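S.K.: Supplied in structure tokens, the structure appears directly below.
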Amino acid sequence: MSIEEARRQIEICNACRYCEGLCAVFPAINRNRTFTDSDVIQLANLCHNCRGCYYACQYIEPHEFSLNLPKVLAEVRQDSWQEFAVPGAVAKAFNKSGVAIALMVMVCFGLLIWFIKSFESQGGEGFYAVMSHNAMVAVFAPAFLLPLLMVGLSLRKYWKAIGGRSIRLADLKATMQSIAAMKDLSGGHGDGCNFEDEDRFSNARRWFHQATMYGFLLCFAATSVATVMHYAFTMPAPYGFFSLPKLLGLSGGFLLSIGTLGLAGLKLKADKNLSDKSIWGGEMGFVLLLFFVSTTGLLLYGFGESNGLPEWLAVHLGAVLAFFLLMPYSKMMHGFYRLAALTKNAQN
Ligand code: SF4
Ligand code: SF4
């Protein structure tokens, strides 16, 4: 139903073309006369729900055309993520329900506390005095690599469905430029998204998104640098305040906390009728989980020397574990699909 309805609305837009400059979706629409199901799915994944087209449109309700492109594309996008997820039923549960995400976090807390108590560290400093390096690797390597495999399988299904070709360096360059600047989030007019409950444009969503993305990448870089230092240079943690892992981790944690808090605030203000209402809880749950991961990570620095370290370590690592396990079945997938959709768009 959503695909049929999206096709109807896209065909009206293709005749109208008023919103041509607003985002990557409209130039992609204008390249076609007819739209297969795959075309509609690809267009839905190019859209990032900035809502600019809705407020520019003269054919929204009460007009008989009753256009609401942000909403219908959000529904198609969501359906496509569920269809391509491996296994799909798990995605359905976590995409829609913040409660399911919270339960998963609690289970991960429990697992980590049990693990820490059962496999006490035989020495080491800092975090490794609570949980040995080998124990951390034994828990987190599979918890990261298996979900990553599921992400890869889902993306492969998506790529096949939309008719993606072999990827050239030029495609990747165009994709990275688009993602780095998140220019589409400022809308074709440069005033940004309209993510509040009235006709008020702002670039806040773009800045919070960038803070979240760069914060996440900095945290990932901190872990990667620490891994290289541990294995290649025999320099195990803990690291000093001015070491690279700590500087990257702290700046990433602050950016991630600010970005996710801002996105949660905007989500509360947003008009739900311009998105897929059924996944509001799942999306909010995921944003709050990311906020929780970053703030507990920052607080952990404060607990580094205290008696509460084992409990805080379990809380933080439990949240990280839940985040990894949910990666293929949560809002996190939108980043991977956006990457694929922009790469396919660059091939046209
Ligand atoms: S959203 Fe409305 S104004 Fe914009 S192209 Fe479509 S029909 Fe035209
Ligand atoms: S909601 Fe924003 S990104 Fe999506 S089609 Fe409309 S203008 Fe483009």
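Note on naming: chains are A, B, ... as they come in the structure tokens, residues start from 1 per chain, ligands start from 1 in the order shown.
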List all protein, DNA and RNA residues that have an atom no more than 10 Å from any atom of ligand 2, counting only C-alpha atoms and all ligand atoms, and report them as a count of residues only.
M.R.: 44
S.K.: Going by DSSP on the backbone, which bits of stretch 79-249 of chain A are helix (DSSP H, G or I)? Write them as a PyMOL selection string, please.
M.R.: chain A and resi 79-84+88-96+98-118+126-129+133-161+169-181+183-186+204-232+244-249
S.K.: When you look at A:Tyr158 with a cut-off of 9 Å (counting only C-alpha atoms), what residues show up, excluding the ones that are within fewer than 6 positions of it in the same chain? I need them as a PyMOL selection string.
M.R.: chain A and resi 42+80-81+84+164+337+340
S.K.: Let's have the selection written as an mmCIF file, in the first residue's frame, with N, CA and C atoms.
M.R.:
data_model
loop_
_atom_site.group_PDB
_atom_site.id
_atom_site.type_symbol
_atom_site.label_atom_id
_atom_site.label_comp_id
_atom_site.auth_asym_id
_atom_site.auth_seq_id
_atom_site.Cartn_x
_atom_site.Cartn_y
_atom_site.Cartn_z
ATOM 1 N N GLN A 42 14.399 3.216 -3.526
ATOM 2 C CA GLN A 42 15.637 4.009 -3.572
ATOM 3 C C GLN A 42 15.346 5.489 -3.244
ATOM 4 N N SER A 80 11.134 -1.053 3.838
ATOM 5 C CA SER A 80 12.279 -1.627 3.116
ATOM 6 C C SER A 80 13.333 -2.126 4.108
ATOM 7 N N TRP A 81 13.560 -1.389 5.185
ATOM 8 C CA TRP A 81 14.563 -1.829 6.177
ATOM 9 C C TRP A 81 14.143 -3.153 6.792
ATOM 10 N N PHE A 84 14.636 -6.007 4.195
ATOM 11 C CA PHE A 84 16.018 -6.402 3.906
ATOM 12 C C PHE A 84 16.775 -6.878 5.153
ATOM 13 N N GLY A 164 21.957 -1.754 -8.084
ATOM 14 C CA GLY A 164 23.262 -1.090 -7.964
ATOM 15 C C GLY A 164 24.319 -1.798 -8.801
ATOM 16 N N TYR A 337 22.015 2.639 5.074
ATOM 17 C CA TYR A 337 21.165 2.722 3.874
ATOM 18 C C TYR A 337 21.356 4.065 3.159
ATOM 19 N N ALA A 340 24.365 3.749 1.040
ATOM 20 C CA ALA A 340 24.109 2.961 -0.166
ATOM 21 C C ALA A 340 23.254 3.760 -1.159
#
S.K.: With only C-alpha atoms as the counted atoms, please give the residues lying no more than 9 Å from A:Ala135, apart from itself and same-chain residues fewer than 2 positions off, as a PyMOL selection string.
M.R.: chain A and resi 115-116+119+121+131-133+137-140
S.K.: What's around A:Pro310 at 7 Å? Count only C-alpha atoms, leave out sequence neighbours fewer than 3 positions away in its own chain, and write the answer as a list in words.
M.R.: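 In the requested format, the answer is Val130, Leu313 and Ala314 of chain A.
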S.K.: Counting only C-alpha atoms and all ligand atoms, which residue out of A:Val105, A:Leu250, A:Val40, A:Ile60 sits closest to ligand 1?
M.R.: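 Using only C-alpha atoms and all ligand atoms, the shortest distance to ligand 1 belongs to A:Ile60.
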S.K.: Could you name the residues that touch A:Met150 at 9 Å or less, counting only C-alpha atoms, but leaving out those on the same chain fewer than 3 positions away, as a ChimeraX atom specification?
M.R.: /A:85-87,145-147,153-155,327-328
S.K.: Skip stretch 216-222 of chain A itself and residues of its chain fewer than 3 positions away, then list as a list in words all residues within 8 Å of it, counting only C-alpha atoms.
M.R.: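 Everything that qualifies: Thr212, Met213, Val225, Ala226, Leu244, Pro245, Lys246, Leu247, Leu248, Gly249, Leu250, Ser251, Gly252, Gly253 and Leu256 of chain A.
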S.K.: Closest to ligand 1 among A:Phe291, A:Tyr59, A:Phe323, A:Phe65, using only C-alpha atoms and all ligand atoms?
M.R.: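 Among A:Phe291, A:Tyr59, A:Phe323, A:Phe65, it is A:Tyr59 that comes nearest to ligand 1.
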